[in-house]
Amino acid sequence: MREARKQSNLTEHQISITIWDVKNPSPDHLRDNGKRRPPILAVLAVLLASSISTASCIPVPATLPGATPSPSATTPPSPSPTATPTPTATPSPTPTPTPVPADLLQLGEAALFVGDIDGATLALQAALAISSDAQLGAQALLALGQTYLLDQAYDQAADAFQELDERYPDSEQAHAAHFLHAEALMETGNAAGAAWQYQLYLKGGTAIGPYVHEWLGDALQAAGELDSALNAYRVAVDSAPDLSLEVGVREKIGLLHAAEGDFAAALEQYDAILAQARIADYRARIGHLAAETAILAGQVEAGYARHLEIVLEYPASPWAYQSLVVLVGAGVPVDDLTRGIVDYHAGAYSPAVAALYRYIESSESHSGDAHYYAGLAHLEAGSPALAAYQFRTLVETHPESPFWGEAWLHWGKSLEEQGDIGGAVQVYANFAQTAPSHPLAAESLWSAAQALERSQDHDAAAAYESCQAAYPASDYAAQALFRAGLYHYRRGETARAVSDWQALVEQYPSSEHSSAAYLWLGKARLAAGDTISATAAFSQAARIDPLGYYGLRAADMLQDPFAPPFRPASYAPPADLAAEQAAAEAWLASWLGLASGSRVGELDATLQDDPRLQRGLELWRLGQWEAARNELENLRRATADDPLAQYRLALLYRDIGLYRSSIIAASNLIALSPAASTLDAPPFLARLAYPTHYAELVLSNAMEQDLPPLLVFALIRQESLFEGFATSWAYAHGLMQVIPSTGAYIAGQLGWPPDYETDDLYRPYVSIRFGTWYLAEQQDRFAGQLHATLAGYNGGPTNAARWLEAAGGDPDLFLETIGFRETQLYLKLIREHYAIYTALYGAPLE
């Protein structure tokens with residue numbers, strides 16, 4: 001629990017000070033004593049100010065629940081220093097009461113949605129304090145309990161849900177509160193109480209019975225009621241809507257049986273899973289559990305046989321390594337080749353090499369695989385010389401090996417890592433000469449050119465040209481000509497660069513590298529003073545790739561040869577979304593041949609009644625984001641060929657906050673439509689695919705950090721598709737995909753939020769502030785150069801500084817100099833997104 005956030009402590013006096021700031025804004029009105037004030041307080045203050053100044057409104061209490069009274073809380077200061085207007089003889093109309101409690105509830109729920117815990121707590125407590133409406137009270141208590149859950153204040157959450165049940169037992173919210181109460185009680189260790197709340201939730205009716213029965217089983221098991229837990233799990237299995245839920249619950253049943261000593265029943269569950277599961281690593285894990293269970297049951301030989309099957313069938317799985325450890329520890333024979341391969345995949349490189357060497361030495365007719373994996377293990381362990389020997393041995397003695405071609409490439413790589421660039425290039429060339437028709441021969445010549453370029457050898461361009469000449473139909477050919485031209489260009493050999501790029505556009509006009517070649521042809525001819533040819537080249541790039549990175553850069557160059565890749569743009573929200581939606585739906589109706597008056601945006605009965613939709617929406621309302629997304633994504637994928645269903649789901653998912661799925665559905669709809677591109681579709685549909693969700697947070701943070709807001713929207717779309725609970729393969733978190741170490745650094749720099757934890761990065765309120773702060777830090781570091789700023793954000797500031805220096809001030813050369821393919825692609829995609837956002841929401845600043 002986070003002690004610092006247990007209760008709100010904002011008094012009416014403090015609220016009044018906030019009111020003053022809102023009514024008398026200054027450049028620093030979002031700050032308080034040097035620290036940023038939560039934006040929810042500013043909006044809340046306006047509502048409370050209206051309440052205080054309107055006689056017919058319910059008065060605000062001197063202190064909010066749990067607050068510490070302020071010495072000066074008795075008389076709030078005047079909210080404005082201006083004189084009171086002189087009244088006229090005309091009677092003023094009776095003021096309409098401001099619906100403060102409802103507005104406070106709305107603000108609290110909005111703050112909860114973005115993860116603004118303090119703002120949500122304050123608004124919801126205030127709504128409860130000044131409202132006597134039962135419906136509003138139930139909604140506010142439910143939201144307040146959810147806020148406490150988000151803040152890990154589980155005792156307070158349980159109290160809020162209990163209060164809701166006692167005060168408003170017949171409300172719709174009381175039903176949801178039973179489930180959420182169970183979640184809170186599980187976190188406090190009261191498993192029996194949680195089980196009771198789950199049962200009450202089931203009694204009230206639900207579309208997610210299988211899920212709830214699984215969680216009920218978890219609670220009962222934690223409470224020690226094992227038989228009841230098994231019964232709950234069995235109900236979940238019998239009613240599971242898909243294989244994923246079924247096998248997950250079967251695994252729990254198996255573990256529970258094993259814990260009770262009923263190993264035969266446990267094995268029955270594991271074998272039922274293995275009869276259906278298809279994912280290799282999951283099969284290995286369940287197989288490992290089954291093997292261990294068989295040994296516990298006294299079926300020792302059968303257990304070892306199961307372990308051996310995992311080792312042989314799934315050698316790359318970490319569970320194969322665990323099974324190998326069991327077998328070796330028990331003295332069960334496992335051949336050294338298998339041992340070495342499993343050890344290698346597990347990262348146990350020394351044991352892998354030892355086992356593989358034993359295998360090699362034990363037989364003159366050994367498999368070449370042993371040399372291959374020994375080489376890989378040496379390479380990973382930092383011994384490239386030993387690796388090179390193994391790969392060379394495989395190449396020279398095992399031409400029949402399926403790894404023969406890969407061994408050539410790894411041999412060259414091993415020499416590179418030793419610094420022997422000449423030797424590596426010779427190996428790559430020998431491979432292509434020895435086996436010119438091998439599928440990897442073209443890659444070998446490409447690798448040779450790459451090695452020379454990395455070492456800044458003047459022969460790199462010739463190597464690229466040789467790669468293209470030898471394999472003109474390969475996937476490397478067009479790219480080789482492009483890189484050759486770049487290398488010549490860097491060396492001041494403009495004529496040779498132009499020759500390579502001209503060959504590229506003539507021989508590979510449909511290549512993805514063609515627009516890049518036209519851009520660089522334009523730059524080269526512009527540098528030579530040939531503006532007519534430069535204009536023609538830029539125009540061609542913009543024509544063939546209008547919304548791609550190189551086409552956009554060419555369009556920039558046509559307007560201003562010195563234009564940077566990213567120019568600040570103003571933000572102008574659409575003036576009439578309702579009219580845009582009506583136009584888009586008329587366009588859809590015409591395209592799809594729908595009858596006049598069709599309700600294009602409403603779910604039809606088929607979608608409404610789809611069990612996946614019903615389960616997904618209920619799970620979403622209960623905060624079970626991952627399970628909800630899985631259900632709703634299954635429905636979206638199942639209707640991927642139905643443009644009308646995609647449109648309707650895009651609207652629905654947008655409205656509930658499942659933004660990633662909404663964007664994918666809208667993008668898929670546009671791809672299915674007659675529109676040639678996103679910007680050729682009706683603006684409303686384009687905005688669905690390129691939305692500005694969390695606009696208030698983005699705009700306020702972008703303004704504070706002096707960042708172009710549309711660039712921040714483009715970055716969020718690229719990073720997470722506006723999904724707040726996203727986690728990447730690199731373990732980056734949240735909307736702006738901040739990695740934990742960077743998050744800790746930013747929290748330390750800001751001194752915020754209180755009691756920071758990595759999970760705070762999933763709160764949009766935190767993620768957007770952290771991401772914009774870090775982006776602004778990179779912007780300051782690179783003197784406002786946004787291309788370097790973005791590269792620093794994604795690839796690290798040290799790398800970005802190195803690339804910037806190597807590019808010599810040319811932003812286009814900077815892109816081509818980036819050493820990480822991911823970061824290079826990242827810049828291209830954000831530039832493309834930024835162009836669409838600028839077209840939809842703004843215009844370049846003059």
# chains A, B, ... in the order shown; residues from 1 in each chain; ligands from 1
$ residues_around --residues "stretch 151-160 of chain A" --least-positions-apart "5" --cutoff "6 Å" --atoms "only C-alpha atoms" --output "number ranges by chain"
A: 1, 141, 145, 181, 184
$ residues_around --residues "A:Pro611" --least-positions-apart "4" --cutoff "9 Å" --atoms "only C-alpha atoms" --output "ChimeraX atom specification"
/A:207,241,607,615-616,631
$ write_last_selection --atoms "C-alpha atoms" --output "compact mmCIF listing (two decimals), in the first residue's frame"
# COMPACT_ATOMS: atom_id res chain seq x y z
CA ALA A 207 -21.41 -13.89 -19.15
CA PRO A 241 -15.03 -20.78 -24.30
CA LEU A 607 -22.42 -8.57 -33.16
CA ARG A 615 -17.58 -11.63 -22.36
CA GLY A 616 -15.08 -9.04 -23.51
CA GLU A 631 -11.95 -11.85 -26.30
$ residues_around --residues "stretch 468-482 of chain A" --least-positions-apart "4" --cutoff "9 Å" --atoms "only C-alpha atoms" --output "JSON, numbers by chain"
{"A": [436, 441, 442, 443, 445, 446, 449, 461, 463, 464, 486, 487, 497, 500, 501, 503, 504, 505, 507, 508, 511, 512, 513, 514, 516, 517]}
$ residues_around --residues "A:Gly743" --least-positions-apart "2" --cutoff "12 Å" --atoms "only C-alpha atoms" --output "ChimeraX atom specification"
/A:731-734,736-741,745-753,756-762,766-774
$ select_by_dssp --residues "stretch 505-734 of chain A" --states "helix (DSSP H, G or I)" --output "PyMOL selection string"
chain A and resi 505-507+514-527+531-544+549-559+577-592+605-608+611-621+625-638+643-656+659-672+678-680+683-689+695-705+709-720
$ residues_around --residues "A:Trp587" --least-positions-apart "6" --cutoff "10 Å" --atoms "only C-alpha atoms" --output "list in words"
Gln581, Gly593, Ala681 and Pro682 of chain A
$ write_last_selection --atoms "N, CA, C and O atoms" --output "mmCIF file, in the first residue's frame"
data_model
loop_
_atom_site.group_PDB
_atom_site.id
_atom_site.type_symbol
_atom_site.label_atom_id
_atom_site.label_comp_id
_atom_site.auth_asym_id
_atom_site.auth_seq_id
_atom_site.Cartn_x
_atom_site.Cartn_y
_atom_site.Cartn_z
ATOM 1 N N GLN A 581 -18.579 12.365 -39.210
ATOM 2 C CA GLN A 581 -19.037 10.986 -39.065
ATOM 3 C C GLN A 581 -20.203 10.704 -40.003
ATOM 4 O O GLN A 581 -20.262 9.640 -40.640
ATOM 5 N N GLY A 593 -23.292 -0.555 -50.499
ATOM 6 C CA GLY A 593 -24.621 -0.793 -51.053
ATOM 7 C C GLY A 593 -25.689 -0.977 -50.005
ATOM 8 O O GLY A 593 -26.616 -1.788 -50.181
ATOM 9 N N ALA A 681 -9.286 8.327 -47.586
ATOM 10 C CA ALA A 681 -10.524 7.915 -46.937
ATOM 11 C C ALA A 681 -11.215 9.136 -46.335
ATOM 12 O O ALA A 681 -10.595 10.183 -46.151
ATOM 13 N N PRO A 682 -12.501 9.047 -46.036
ATOM 14 C CA PRO A 682 -13.166 10.155 -45.345
ATOM 15 C C PRO A 682 -12.409 10.526 -44.077
ATOM 16 O O PRO A 682 -11.903 9.635 -43.377
#
$ closest_residue --among "A:Leu452, A:Ala534, A:Leu136, A:Leu409" --to "A:Ala555" --atoms "only C-alpha atoms"
A:Ala534
$ closest_atom_pairs --of "stretch 556-628 of chain A" --to "stretch 698-701 of chain A" --cutoff "12 Å" --atoms "only C-alpha atoms" --output "CSV"
residue,atom,partner,partner_atom,distance
A:Ser570,CA,A:Leu699,CA,11.0
A:Tyr571,CA,A:Leu699,CA,8.9
A:Ala572,CA,A:Leu699,CA,11.2
A:Pro573,CA,A:Leu699,CA,11.3
$ residues_around --residues "stretch 685-690 of chain A" --least-positions-apart "6" --cutoff "7 Å" --atoms "only C-alpha atoms" --output "PyMOL selection string"
chain A and resi 584+663+666-667+678-679+837
$ closest_residue --among "A:Thr494, A:Ser131, A:Gln646, A:Asn668" --to "A:Gly601" --atoms "only C-alpha atoms"
A:Gln646
$ decode --residues "stretch 285-316 of chain A" --atoms "N, CA and C atoms" --output "mmCIF file, in the first residue's frame"
data_model
loop_
_atom_site.group_PDB
_atom_site.id
_atom_site.type_symbol
_atom_site.label_atom_id
_atom_site.label_comp_id
_atom_site.auth_asym_id
_atom_site.auth_seq_id
_atom_site.Cartn_x
_atom_site.Cartn_y
_atom_site.Cartn_z
ATOM 1 N N ARG A 285 6.739 -27.412 -21.270
ATOM 2 C CA ARG A 285 6.517 -27.118 -19.850
ATOM 3 C C ARG A 285 5.558 -28.117 -19.221
ATOM 4 N N ILE A 286 4.457 -28.388 -19.910
ATOM 5 C CA ILE A 286 3.492 -29.354 -19.373
ATOM 6 C C ILE A 286 4.104 -30.754 -19.349
ATOM 7 N N GLY A 287 4.886 -31.079 -20.368
ATOM 8 C CA GLY A 287 5.558 -32.375 -20.368
ATOM 9 C C GLY A 287 6.506 -32.515 -19.197
ATOM 10 N N HIS A 288 7.206 -31.430 -18.875
ATOM 11 C CA HIS A 288 8.112 -31.457 -17.729
ATOM 12 C C HIS A 288 7.331 -31.677 -16.432
ATOM 13 N N LEU A 289 6.197 -31.005 -16.277
ATOM 14 C CA LEU A 289 5.352 -31.205 -15.094
ATOM 15 C C LEU A 289 4.882 -32.658 -15.013
ATOM 16 N N ALA A 290 4.472 -33.189 -16.159
ATOM 17 C CA ALA A 290 3.996 -34.573 -16.181
ATOM 18 C C ALA A 290 5.112 -35.541 -15.810
ATOM 19 N N ALA A 291 6.321 -35.294 -16.302
ATOM 20 C CA ALA A 291 7.447 -36.167 -15.984
ATOM 21 C C ALA A 291 7.751 -36.154 -14.494
ATOM 22 N N GLU A 292 7.788 -34.976 -13.905
ATOM 23 C CA GLU A 292 8.054 -34.869 -12.475
ATOM 24 C C GLU A 292 6.954 -35.528 -11.652
ATOM 25 N N THR A 293 5.708 -35.369 -12.124
ATOM 26 C CA THR A 293 4.583 -35.983 -11.407
ATOM 27 C C THR A 293 4.664 -37.503 -11.475
ATOM 28 N N ALA A 294 5.033 -38.030 -12.645
ATOM 29 C CA ALA A 294 5.164 -39.490 -12.773
ATOM 30 C C ALA A 294 6.228 -40.021 -11.817
ATOM 31 N N ILE A 295 7.329 -39.305 -11.674
ATOM 32 C CA ILE A 295 8.383 -39.738 -10.747
ATOM 33 C C ILE A 295 7.873 -39.720 -9.316
ATOM 34 N N LEU A 296 7.121 -38.668 -8.951
ATOM 35 C CA LEU A 296 6.543 -38.596 -7.605
ATOM 36 C C LEU A 296 5.565 -39.744 -7.368
ATOM 37 N N ALA A 297 4.897 -40.182 -8.431
ATOM 38 C CA ALA A 297 3.930 -41.278 -8.306
ATOM 39 C C ALA A 297 4.608 -42.643 -8.235
ATOM 40 N N GLY A 298 5.934 -42.659 -8.326
ATOM 41 C CA GLY A 298 6.652 -43.927 -8.278
ATOM 42 C C GLY A 298 6.897 -44.524 -9.642
ATOM 43 N N GLN A 299 6.416 -43.842 -10.686
ATOM 44 C CA GLN A 299 6.634 -44.331 -12.049
ATOM 45 C C GLN A 299 7.941 -43.724 -12.575
ATOM 46 N N VAL A 300 9.039 -44.138 -11.948
ATOM 47 C CA VAL A 300 10.313 -43.474 -12.183
ATOM 48 C C VAL A 300 10.777 -43.620 -13.632
ATOM 49 N N GLU A 301 10.753 -44.826 -14.143
ATOM 50 C CA GLU A 301 11.214 -45.034 -15.514
ATOM 51 C C GLU A 301 10.339 -44.285 -16.518
ATOM 52 N N ALA A 302 9.026 -44.301 -16.277
ATOM 53 C CA ALA A 302 8.113 -43.570 -17.164
ATOM 54 C C ALA A 302 8.382 -42.064 -17.096
ATOM 55 N N GLY A 303 8.689 -41.584 -15.889
ATOM 56 C CA GLY A 303 9.001 -40.166 -15.725
ATOM 57 C C GLY A 303 10.259 -39.787 -16.479
ATOM 58 N N TYR A 304 11.296 -40.616 -16.363
ATOM 59 C CA TYR A 304 12.530 -40.323 -17.091
ATOM 60 C C TYR A 304 12.305 -40.385 -18.596
ATOM 61 N N ALA A 305 11.460 -41.305 -19.025
ATOM 62 C CA ALA A 305 11.154 -41.398 -20.456
ATOM 63 C C ALA A 305 10.468 -40.118 -20.943
ATOM 64 N N ARG A 306 9.595 -39.575 -20.106
ATOM 65 C CA ARG A 306 8.941 -38.305 -20.467
ATOM 66 C C ARG A 306 9.978 -37.174 -20.536
ATOM 67 N N HIS A 307 10.874 -37.125 -19.572
ATOM 68 C CA HIS A 307 11.921 -36.108 -19.598
ATOM 69 C C HIS A 307 12.771 -36.226 -20.862
ATOM 70 N N LEU A 308 13.127 -37.440 -21.218
ATOM 71 C CA LEU A 308 13.962 -37.644 -22.398
ATOM 72 C C LEU A 308 13.226 -37.215 -23.668
ATOM 73 N N GLU A 309 11.935 -37.450 -23.705
ATOM 74 C CA GLU A 309 11.145 -37.026 -24.860
ATOM 75 C C GLU A 309 11.185 -35.503 -25.022
ATOM 76 N N ILE A 310 11.109 -34.778 -23.909
ATOM 77 C CA ILE A 310 11.171 -33.313 -23.967
ATOM 78 C C ILE A 310 12.534 -32.866 -24.485
ATOM 79 N N VAL A 311 13.587 -33.496 -23.968
ATOM 80 C CA VAL A 311 14.946 -33.132 -24.381
ATOM 81 C C VAL A 311 15.132 -33.346 -25.876
ATOM 82 N N LEU A 312 14.610 -34.432 -26.396
ATOM 83 C CA LEU A 312 14.799 -34.760 -27.806
ATOM 84 C C LEU A 312 13.877 -33.953 -28.728
ATOM 85 N N GLU A 313 12.640 -33.689 -28.270
ATOM 86 C CA GLU A 313 11.653 -33.030 -29.121
ATOM 87 C C GLU A 313 11.748 -31.511 -29.087
ATOM 88 N N TYR A 314 12.141 -30.954 -27.952
ATOM 89 C CA TYR A 314 12.116 -29.494 -27.789
ATOM 90 C C TYR A 314 13.455 -28.992 -27.229
ATOM 91 N N PRO A 315 14.571 -29.243 -27.924
ATOM 92 C CA PRO A 315 15.890 -28.911 -27.362
ATOM 93 C C PRO A 315 16.102 -27.417 -27.130
ATOM 94 N N ALA A 316 15.349 -26.565 -27.834
ATOM 95 C CA ALA A 316 15.534 -25.122 -27.667
ATOM 96 C C ALA A 316 14.733 -24.557 -26.502
#
